[in-house]
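To be precise, the following lines are query.cif, and they hold mmCIF, C-alpha atoms.
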```cif
data_upload
loop_
_atom_site.group_PDB
_atom_site.id
_atom_site.type_symbol
_atom_site.label_atom_id
_atom_site.label_comp_id
_atom_site.auth_asym_id
_atom_site.auth_seq_id
_atom_site.Cartn_x
_atom_site.Cartn_y
_atom_site.Cartn_z
ATOM 1 C CA MET Z 1 7.568 20.412 1.621
ATOM 2 C CA GLU Z 2 5.077 18.029 -0.013
ATOM 3 C CA GLN Z 3 3.484 17.213 3.330
ATOM 4 C CA PHE Z 4 3.207 20.923 4.129
ATOM 5 C CA TYR Z 5 1.315 21.710 0.911
ATOM 6 C CA THR Z 6 -0.889 18.643 1.324
ATOM 7 C CA GLU Z 7 -1.892 19.770 4.810
ATOM 8 C CA LEU Z 8 -2.187 23.355 3.548
ATOM 9 C CA ASN Z 9 -4.822 22.341 1.000
ATOM 10 C CA ILE Z 10 -6.851 20.762 3.804
ATOM 11 C CA LEU Z 11 -6.429 23.907 5.893
ATOM 12 C CA LYS Z 12 -7.556 26.116 2.982
ATOM 13 C CA ALA Z 13 -10.733 24.072 2.620
ATOM 14 C CA ASN Z 14 -11.475 24.555 6.318
ATOM 15 C CA LEU Z 15 -10.761 28.288 6.203
ATOM 16 C CA GLY Z 16 -13.098 28.858 3.259
ATOM 17 C CA LYS Z 17 -13.624 32.576 2.650
ATOM 18 C CA ASN Z 18 -11.163 33.451 5.434
ATOM 19 C CA ASN Z 19 -8.311 32.068 3.351
ATOM 20 C CA THR Z 20 -5.796 34.848 2.569
ATOM 21 C CA LEU Z 21 -3.413 32.765 0.451
ATOM 22 C CA LEU Z 22 -2.847 33.664 -3.183
ATOM 23 C CA THR Z 23 -2.181 31.096 -5.880
ATOM 24 C CA ASP Z 24 0.305 32.086 -8.582
ATOM 25 C CA ASN Z 25 -2.523 32.702 -11.062
ATOM 26 C CA ARG Z 26 -4.507 34.830 -8.619
ATOM 27 C CA TYR Z 27 -1.356 36.769 -7.687
ATOM 28 C CA ASP Z 28 -0.576 37.583 -11.338
ATOM 29 C CA GLU Z 29 -4.205 38.504 -11.995
ATOM 30 C CA LEU Z 30 -4.180 40.984 -9.116
ATOM 31 C CA VAL Z 31 -0.915 42.550 -10.289
ATOM 32 C CA GLU Z 32 -2.343 43.112 -13.778
ATOM 33 C CA LYS Z 33 -5.651 44.379 -12.411
ATOM 34 C CA ILE Z 34 -4.046 46.890 -10.032
ATOM 35 C CA LEU Z 35 -1.690 48.241 -12.708
ATOM 36 C CA MET Z 36 -4.633 48.672 -15.053
ATOM 37 C CA LEU Z 37 -6.767 50.418 -12.412
ATOM 38 C CA LYS Z 38 -3.961 52.835 -11.544
ATOM 39 C CA CYS Z 39 -3.668 53.841 -15.203
ATOM 40 C CA MET Z 40 -7.390 53.936 -15.878
ATOM 41 C CA LYS Z 41 -8.881 57.417 -16.020
ATOM 42 C CA THR Z 42 -12.470 56.362 -16.661
ATOM 43 C CA LYS Z 43 -15.023 55.820 -13.919
ATOM 44 C CA LYS Z 44 -14.192 52.959 -11.563
ATOM 45 C CA GLU Z 45 -16.550 50.473 -10.027
ATOM 46 C CA PRO Z 46 -16.957 50.179 -6.198
ATOM 47 C CA HIS Z 47 -15.039 46.890 -6.278
ATOM 48 C CA ASP Z 48 -12.168 48.643 -8.044
ATOM 49 C CA PHE Z 49 -11.826 51.097 -5.157
ATOM 50 C CA TRP Z 50 -11.870 48.192 -2.726
ATOM 51 C CA LEU Z 51 -9.010 46.539 -4.624
ATOM 52 C CA LEU Z 52 -6.954 49.744 -4.656
ATOM 53 C CA LYS Z 53 -7.359 50.115 -0.884
ATOM 54 C CA ARG Z 54 -6.148 46.579 -0.371
ATOM 55 C CA TYR Z 55 -3.459 46.130 -3.032
ATOM 56 C CA ASP Z 56 -0.694 48.051 -4.752
ATOM 57 C CA VAL Z 57 2.194 47.068 -7.041
ATOM 58 C CA LEU Z 58 5.845 47.814 -6.423
ATOM 59 C CA ILE Z 59 8.188 47.494 -9.401
ATOM 60 C CA VAL Z 60 11.848 46.836 -8.582
ATOM 61 C CA GLN Z 61 14.194 46.109 -11.516
ATOM 62 C CA ASP Z 62 11.331 44.813 -13.701
ATOM 63 C CA ASN Z 63 10.169 42.599 -10.819
ATOM 64 C CA ARG Z 64 6.541 43.327 -9.943
ATOM 65 C CA LYS Z 65 5.551 42.720 -6.338
ATOM 66 C CA LEU Z 66 2.055 42.871 -4.922
ATOM 67 C CA ILE Z 67 2.088 44.946 -1.737
ATOM 68 C CA PHE Z 68 -0.305 46.474 0.758
ATOM 69 C CA PRO Z 69 -0.753 50.230 0.145
ATOM 70 C CA VAL Z 70 1.341 52.143 2.695
ATOM 71 C CA ASN Z 71 2.354 55.700 3.451
ATOM 72 C CA GLU Z 72 5.855 56.947 2.745
ATOM 73 C CA ASN Z 73 7.334 56.210 6.213
ATOM 74 C CA GLU Z 74 5.605 52.858 6.809
ATOM 75 C CA ASN Z 75 7.088 49.402 6.318
ATOM 76 C CA ILE Z 76 6.300 47.757 2.988
ATOM 77 C CA LEU Z 77 4.212 44.628 3.522
ATOM 78 C CA CYS Z 78 4.356 42.192 0.616
ATOM 79 C CA TYR Z 79 1.747 39.681 -0.414
ATOM 80 C CA ILE Z 80 3.272 36.288 -0.957
ATOM 81 C CA ARG Z 81 2.542 33.645 -3.561
ATOM 82 C CA GLU Z 82 1.385 30.295 -2.229
ATOM 83 C CA SER Z 83 4.247 28.570 -4.085
ATOM 84 C CA GLU Z 84 6.780 30.716 -2.185
ATOM 85 C CA LEU Z 85 5.167 30.216 1.201
ATOM 86 C CA TYR Z 86 7.144 27.190 2.385
ATOM 87 C CA ASP Z 87 10.546 28.729 1.590
ATOM 88 C CA VAL Z 88 9.637 31.992 3.332
ATOM 89 C CA LEU Z 89 8.450 30.164 6.450
ATOM 90 C CA LYS Z 90 11.509 27.876 6.473
ATOM 91 C CA ASN Z 91 14.017 30.721 6.054
ATOM 92 C CA THR Z 92 12.321 32.856 8.700
ATOM 93 C CA HIS Z 93 12.096 29.959 11.140
ATOM 94 C CA SER Z 94 15.802 29.184 10.686
ATOM 95 C CA SER Z 95 16.835 32.840 11.014
ATOM 96 C CA ILE Z 96 15.244 33.079 14.482
ATOM 97 C CA GLY Z 97 16.799 29.833 15.703
ATOM 98 C CA HIS Z 98 13.639 27.726 15.363
ATOM 99 C CA GLY Z 99 11.691 30.136 17.539
ATOM 100 C CA GLY Z 100 8.079 29.486 18.470
ATOM 101 C CA ARG Z 101 4.786 30.727 17.069
ATOM 102 C CA ASP Z 102 4.807 34.196 18.618
ATOM 103 C CA ARG Z 103 8.332 34.960 17.390
ATOM 104 C CA MET Z 104 7.408 33.724 13.923
ATOM 105 C CA ILE Z 105 4.289 35.894 13.839
ATOM 106 C CA LYS Z 106 6.234 38.955 14.948
ATOM 107 C CA GLU Z 107 8.978 38.419 12.377
ATOM 108 C CA LEU Z 108 6.650 37.685 9.467
ATOM 109 C CA SER Z 109 4.139 40.441 10.260
ATOM 110 C CA ASN Z 110 6.895 43.017 9.682
ATOM 111 C CA LYS Z 111 7.372 41.846 6.070
ATOM 112 C CA TYR Z 112 4.283 40.043 4.805
ATOM 113 C CA LYS Z 113 0.567 40.769 4.729
ATOM 114 C CA ASN Z 114 -1.178 37.491 3.970
ATOM 115 C CA ILE Z 115 0.421 34.803 6.179
ATOM 116 C CA ALA Z 116 -2.208 33.637 8.651
ATOM 117 C CA ARG Z 117 -1.505 32.381 12.174
ATOM 118 C CA SER Z 118 -2.996 28.973 11.298
ATOM 119 C CA VAL Z 119 -0.489 28.586 8.434
ATOM 120 C CA ILE Z 120 2.420 29.373 10.757
ATOM 121 C CA GLU Z 121 1.123 26.858 13.313
ATOM 122 C CA LEU Z 122 0.859 24.218 10.575
ATOM 123 C CA PHE Z 123 4.478 24.784 9.546
ATOM 124 C CA LEU Z 124 5.711 24.545 13.145
ATOM 125 C CA ILE Z 125 3.876 21.265 13.695
ATOM 126 C CA LEU Z 126 5.634 19.791 10.643
ATOM 127 C CA CYS Z 127 9.109 21.163 11.458
ATOM 128 C CA LYS Z 128 11.294 18.066 11.978
ATOM 129 C CA PRO Z 129 14.077 19.731 14.053
ATOM 130 C CA CYS Z 130 11.431 21.143 16.408
ATOM 131 C CA GLN Z 131 9.763 17.738 16.693
ATOM 132 C CA GLN Z 132 13.084 16.092 17.552
ATOM 133 C CA LYS Z 133 13.806 18.811 20.100
ATOM 134 C CA GLN Z 134 10.448 18.210 21.765
ATOM 135 C CA LYS Z 135 11.088 14.455 21.903
ATOM 136 C CA GLY Z 136 14.512 15.055 23.461
ATOM 137 C CA ILE Z 137 13.137 17.093 26.354
ATOM 138 C CA LYS Z 138 13.467 15.006 29.481
ATOM 139 C CA LYS Z 139 10.585 14.797 31.847
ATOM 140 C CA GLY Z 140 10.955 16.470 35.194
ATOM 141 C CA VAL Z 141 11.921 14.524 38.282
ATOM 142 C CA VAL Z 142 8.862 12.829 39.741
ATOM 143 C CA VAL Z 143 8.636 13.437 43.454
ATOM 144 C CA LYS Z 144 7.495 10.357 45.285
ATOM 145 C CA LEU Z 145 5.213 11.149 48.171
ATOM 146 C CA MET Z 146 6.301 9.905 51.607
ATOM 147 C CA PHE Z 147 3.799 8.563 54.084
ATOM 148 C CA PHE Z 148 4.393 8.149 57.832
ATOM 149 C CA ASN Z 149 2.305 6.354 60.427
ATOM 150 C CA LYS Z 150 4.167 7.247 63.622
ATOM 151 C CA PHE Z 151 4.245 10.467 65.559
ATOM 152 C CA ASN Z 152 7.671 12.174 65.429
ATOM 153 C CA SER Z 153 8.933 9.769 62.730
ATOM 154 C CA ARG Z 154 9.475 12.769 60.435
ATOM 155 C CA CYS Z 155 9.216 16.479 60.933
ATOM 156 C CA GLN Z 156 9.904 19.861 59.402
ATOM 157 C CA VAL Z 157 11.901 22.530 61.228
ATOM 158 C CA ASP Z 158 11.995 26.216 60.344
ATOM 159 C CA LEU Z 159 13.753 29.120 62.001
ATOM 160 C CA ILE Z 160 12.198 32.588 62.263
ATOM 161 C CA ASP Z 161 14.599 35.500 62.614
ATOM 162 C CA PHE Z 162 13.584 38.109 65.223
ATOM 163 C CA GLN Z 163 16.962 39.829 65.575
ATOM 164 C CA SER Z 164 15.482 43.184 64.597
ATOM 165 C CA HIS Z 165 12.845 42.820 67.374
ATOM 166 C CA PRO Z 166 14.323 40.500 70.030
ATOM 167 C CA ASP Z 167 12.337 39.425 73.077
ATOM 168 C CA GLY Z 168 14.950 39.979 75.742
ATOM 169 C CA LYS Z 169 17.727 37.503 75.065
ATOM 170 C CA TYR Z 170 15.653 35.501 72.560
ATOM 171 C CA ARG Z 171 16.423 36.442 68.960
ATOM 172 C CA PHE Z 172 15.093 33.397 67.071
ATOM 173 C CA ARG Z 173 12.057 31.139 67.155
ATOM 174 C CA MET Z 174 12.134 27.491 66.119
ATOM 175 C CA VAL Z 175 8.995 26.084 64.475
ATOM 176 C CA TYR Z 176 8.749 22.305 64.677
ATOM 177 C CA GLN Z 177 5.925 20.555 62.771
ATOM 178 C CA ASP Z 178 5.225 16.831 62.810
ATOM 179 C CA HIS Z 179 4.450 15.482 59.315
ATOM 180 C CA LEU Z 180 1.839 12.982 60.426
ATOM 181 C CA THR Z 181 -0.274 15.039 62.828
ATOM 182 C CA LYS Z 182 0.748 18.557 61.703
ATOM 183 C CA PHE Z 183 1.278 19.288 65.416
ATOM 184 C CA VAL Z 184 3.398 22.411 65.887
ATOM 185 C CA ILE Z 185 5.870 23.218 68.668
ATOM 186 C CA LEU Z 186 7.344 26.723 69.047
ATOM 187 C CA LYS Z 187 10.545 27.296 71.005
ATOM 188 C CA PRO Z 188 12.392 30.590 71.573
ATOM 189 C CA LEU Z 189 16.152 30.481 70.938
ATOM 190 C CA GLU Z 190 19.027 32.748 71.846
ATOM 191 C CA PHE Z 191 21.218 31.509 69.009
ATOM 192 C CA LYS Z 192 20.618 29.732 65.695
ATOM 193 C CA ARG Z 193 23.693 27.497 66.008
ATOM 194 C CA THR Z 194 23.357 23.936 67.237
ATOM 195 C CA GLU Z 195 26.105 24.543 69.828
ATOM 196 C CA LEU Z 196 26.228 27.419 72.290
ATOM 197 C CA PRO Z 197 29.087 29.888 71.711
ATOM 198 C CA GLN Z 198 32.183 29.324 73.830
ATOM 199 C CA ARG Z 199 32.313 31.713 76.789
ATOM 200 C CA SER Z 200 35.631 33.140 77.896
ATOM 201 C CA LEU Z 201 37.071 31.803 81.161
ATOM 202 C CA ALA Z 202 38.310 35.232 82.257
#
```
Could the structure of this file be written out as structure tokens, please?
Amino acid sequence: MEQFYTELNILKANLGKNNTLLTDNRYDELVEKILMLKCMKTKKEPHDFWLLKRYDVLIVQDNRKLIFPVNENENILCYIRESELYDVLKNTHSSIGHGGRDRMIKELSNKYKNIARSVIELFLILCKPCQQKQKGIKKGVVVKLMFFNKFNSRCQVDLIDFQSHPDGKYRFRMVYQDHLTKFVILKPLEFKRTELPQRSLA
């Protein structure tokens, strides 16, 4: 947690005005300001209208939550305090089985308004179980290239099926390609078996 908040402070400095995080003091200030504006009947300033378009307060059992103004049938999107950020990210990440960035963004965007993509990416980078999982991934099998310096020392053989359009008694075509020269030989075949079928003696 300490490392996350240390890195978060660096990230906030880089984001500058694009930072959407709310400190506890700023969160409480906004709650008080919005409640006051909603009760105020005198003339409001332009900035007051901007705040009311961006923030609202939901009171549940004396608990005041800062939310994004929504219509009746829309999902409630909460603003989150910076001090609660780590726990929310950790619980969400665990609930989706340590899913990746896109799954985290989808899950969080249905509940919260002010968690930026860069913050989610920072958390994922610092997630120890995910780091261990990445280290445990085995590298794929390395295919060693084979080189040949003699004609017919190695080849590739394919069989083309022409049973739907046979040429007389020939229903298959063998394609032989030499690895070294890429020389191709085509040969028509009656059967695809290595041995000819046994004919009756009658």
Listing only residues of range 38-141 of chain Z within 12 Å of range 1-18 of chain Z, what is the closest atom pair and its distance in Å (to one decimal) for each, using all atoms listed in the file, sorted by chain and residue number ascending, as JSON lines?
```
{"residue": "Z:Glu82", "atom": "CA", "partner": "Z:Tyr5", "partner_atom": "CA", "distance": 9.1}
{"residue": "Z:Ser83", "atom": "CA", "partner": "Z:Tyr5", "partner_atom": "CA", "distance": 9.0}
{"residue": "Z:Glu84", "atom": "CA", "partner": "Z:Tyr5", "partner_atom": "CA", "distance": 11.0}
{"residue": "Z:Leu85", "atom": "CA", "partner": "Z:Tyr5", "partner_atom": "CA", "distance": 9.3}
{"residue": "Z:Tyr86", "atom": "CA", "partner": "Z:Met1", "partner_atom": "CA", "distance": 6.8}
{"residue": "Z:Asp87", "atom": "CA", "partner": "Z:Met1", "partner_atom": "CA", "distance": 8.8}
{"residue": "Z:Val88", "atom": "CA", "partner": "Z:Met1", "partner_atom": "CA", "distance": 11.9}
{"residue": "Z:Leu89", "atom": "CA", "partner": "Z:Phe4", "partner_atom": "CA", "distance": 10.9}
{"residue": "Z:Lys90", "atom": "CA", "partner": "Z:Met1", "partner_atom": "CA", "distance": 9.7}
{"residue": "Z:Asn114", "atom": "CA", "partner": "Z:Asn18", "partner_atom": "CA", "distance": 10.9}
{"residue": "Z:Ile115", "atom": "CA", "partner": "Z:Asn18", "partner_atom": "CA", "distance": 11.7}
{"residue": "Z:Ala116", "atom": "CA", "partner": "Z:Asn18", "partner_atom": "CA", "distance": 9.5}
{"residue": "Z:Arg117", "atom": "CA", "partner": "Z:Leu11", "partner_atom": "CA", "distance": 11.6}
{"residue": "Z:Ser118", "atom": "CA", "partner": "Z:Leu11", "partner_atom": "CA", "distance": 8.2}
{"residue": "Z:Val119", "atom": "CA", "partner": "Z:Leu8", "partner_atom": "CA", "distance": 7.4}
{"residue": "Z:Ile120", "atom": "CA", "partner": "Z:Leu8", "partner_atom": "CA", "distance": 10.5}
{"residue": "Z:Glu121", "atom": "CA", "partner": "Z:Leu8", "partner_atom": "CA", "distance": 10.9}
{"residue": "Z:Leu122", "atom": "CA", "partner": "Z:Phe4", "partner_atom": "CA", "distance": 7.6}
{"residue": "Z:Phe123", "atom": "CA", "partner": "Z:Phe4", "partner_atom": "CA", "distance": 6.8}
{"residue": "Z:Leu124", "atom": "CA", "partner": "Z:Phe4", "partner_atom": "CA", "distance": 10.0}
{"residue": "Z:Ile125", "atom": "CA", "partner": "Z:Phe4", "partner_atom": "CA", "distance": 9.6}
{"residue": "Z:Leu126", "atom": "CA", "partner": "Z:Phe4", "partner_atom": "CA", "distance": 7.0}
{"residue": "Z:Cys127", "atom": "CA", "partner": "Z:Phe4", "partner_atom": "CA", "distance": 9.4}
{"residue": "Z:Lys128", "atom": "CA", "partner": "Z:Met1", "partner_atom": "CA", "distance": 11.3}
```
Subject >> Distance query Cys155 in chain Z at most 6 Å, all atoms listed in the file, self and fewer than 5 positions along chain excluded, as number ranges by chain >> reply: Z: 177-179
Subject >> Atomic separation - CA of Val57 in chain Z relative to CA of Cys78 in chain Z, Å >> reply: 9.3 Å
Original post:
Counting only C-alpha atoms, what is within 9 Å of range 30-37 of chain Z, bar same-chain residues fewer than 5 positions away, as a ChimeraX atom specification?
Top reply: /Z:25,44,48-49,51-52,55-57,64-66
Subject >> Selected residue of minimal separation from Glu190 in chain Z among Z:Val175, Z:Asp62, Z:Gln131, Z:Gly168, counting only C-alpha atoms >> reply: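 Going through Z:Val175, Z:Asp62, Z:Gln131, Z:Gly168 one by one, the smallest distance to Glu190 in chain Z is for Z:Gly168.
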Original post:
Could you spell out the hits of the PyMOL selection byres ((chain Z and resi 69-74) around 7) on the shown file, as an MDAnalysis selection string?
Top reply: chainID Z and resid 53:56 67:68 75:76
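Nearest residue to Pro129 in chain Z among Z:Lys187, Z:Arg173, Z:His93, Z:Lys41 is Z:His93, counting all atoms listed in the file.
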Using the file's own x, y and z axes, so that the box edges lie along x, y and z, what centre and edge lengths in Å (one decimal) does a box around every listed atom of range 155-164 of chain Z get when 3 Å is added on each side? Give it as lines of an AutoDock Vina configuration file.
```
center_x = 13.1
center_y = 29.8
center_z = 62.5
size_x = 13.7
size_y = 32.7
size_z = 12.2
```
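Omitting Leu189 in chain Z and its sequence neighbours fewer than 3 positions away, and counting only C-alpha atoms, the residues within 12 Å are Leu159, Ile160, Asp161, Phe162, Gln163, Pro166, Asp167, Gly168, Lys169, Tyr170, Arg171, Phe172, Arg173, Met174, Val175, Leu186, Lys192, Arg193, Thr194, Glu195 and Leu196 of chain Z.
Here CA of Glu107 in chain Z and CA of Thr92 in chain Z stand 7.5 Å from one another.
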Subject >> Nearest residue to Gly97 in chain Z from the set Z:Leu77, Z:Met40, Z:Cys130, Z:Ile59 (distances using only C-alpha atoms) >> reply: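 Between Z:Leu77, Z:Met40, Z:Cys130, Z:Ile59, the residue approaching Gly97 in chain Z most closely is Z:Cys130.
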Subject >> Atom-to-atom span, CA of Gln132 in chain Z and CA of Ser95 in chain Z, Å >> reply: 18.4 Å
**OP:** Compare Z:Val60, Z:Pro46, Z:Arg81, Z:Cys39 by their minimum atom-to-atom distance to Thr23 in chain Z, counting all atoms listed in the file, and give me the closest one.
**Re:**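 Looking only at the distances to Thr23 in chain Z, the closest residue turns out to be Z:Arg81.
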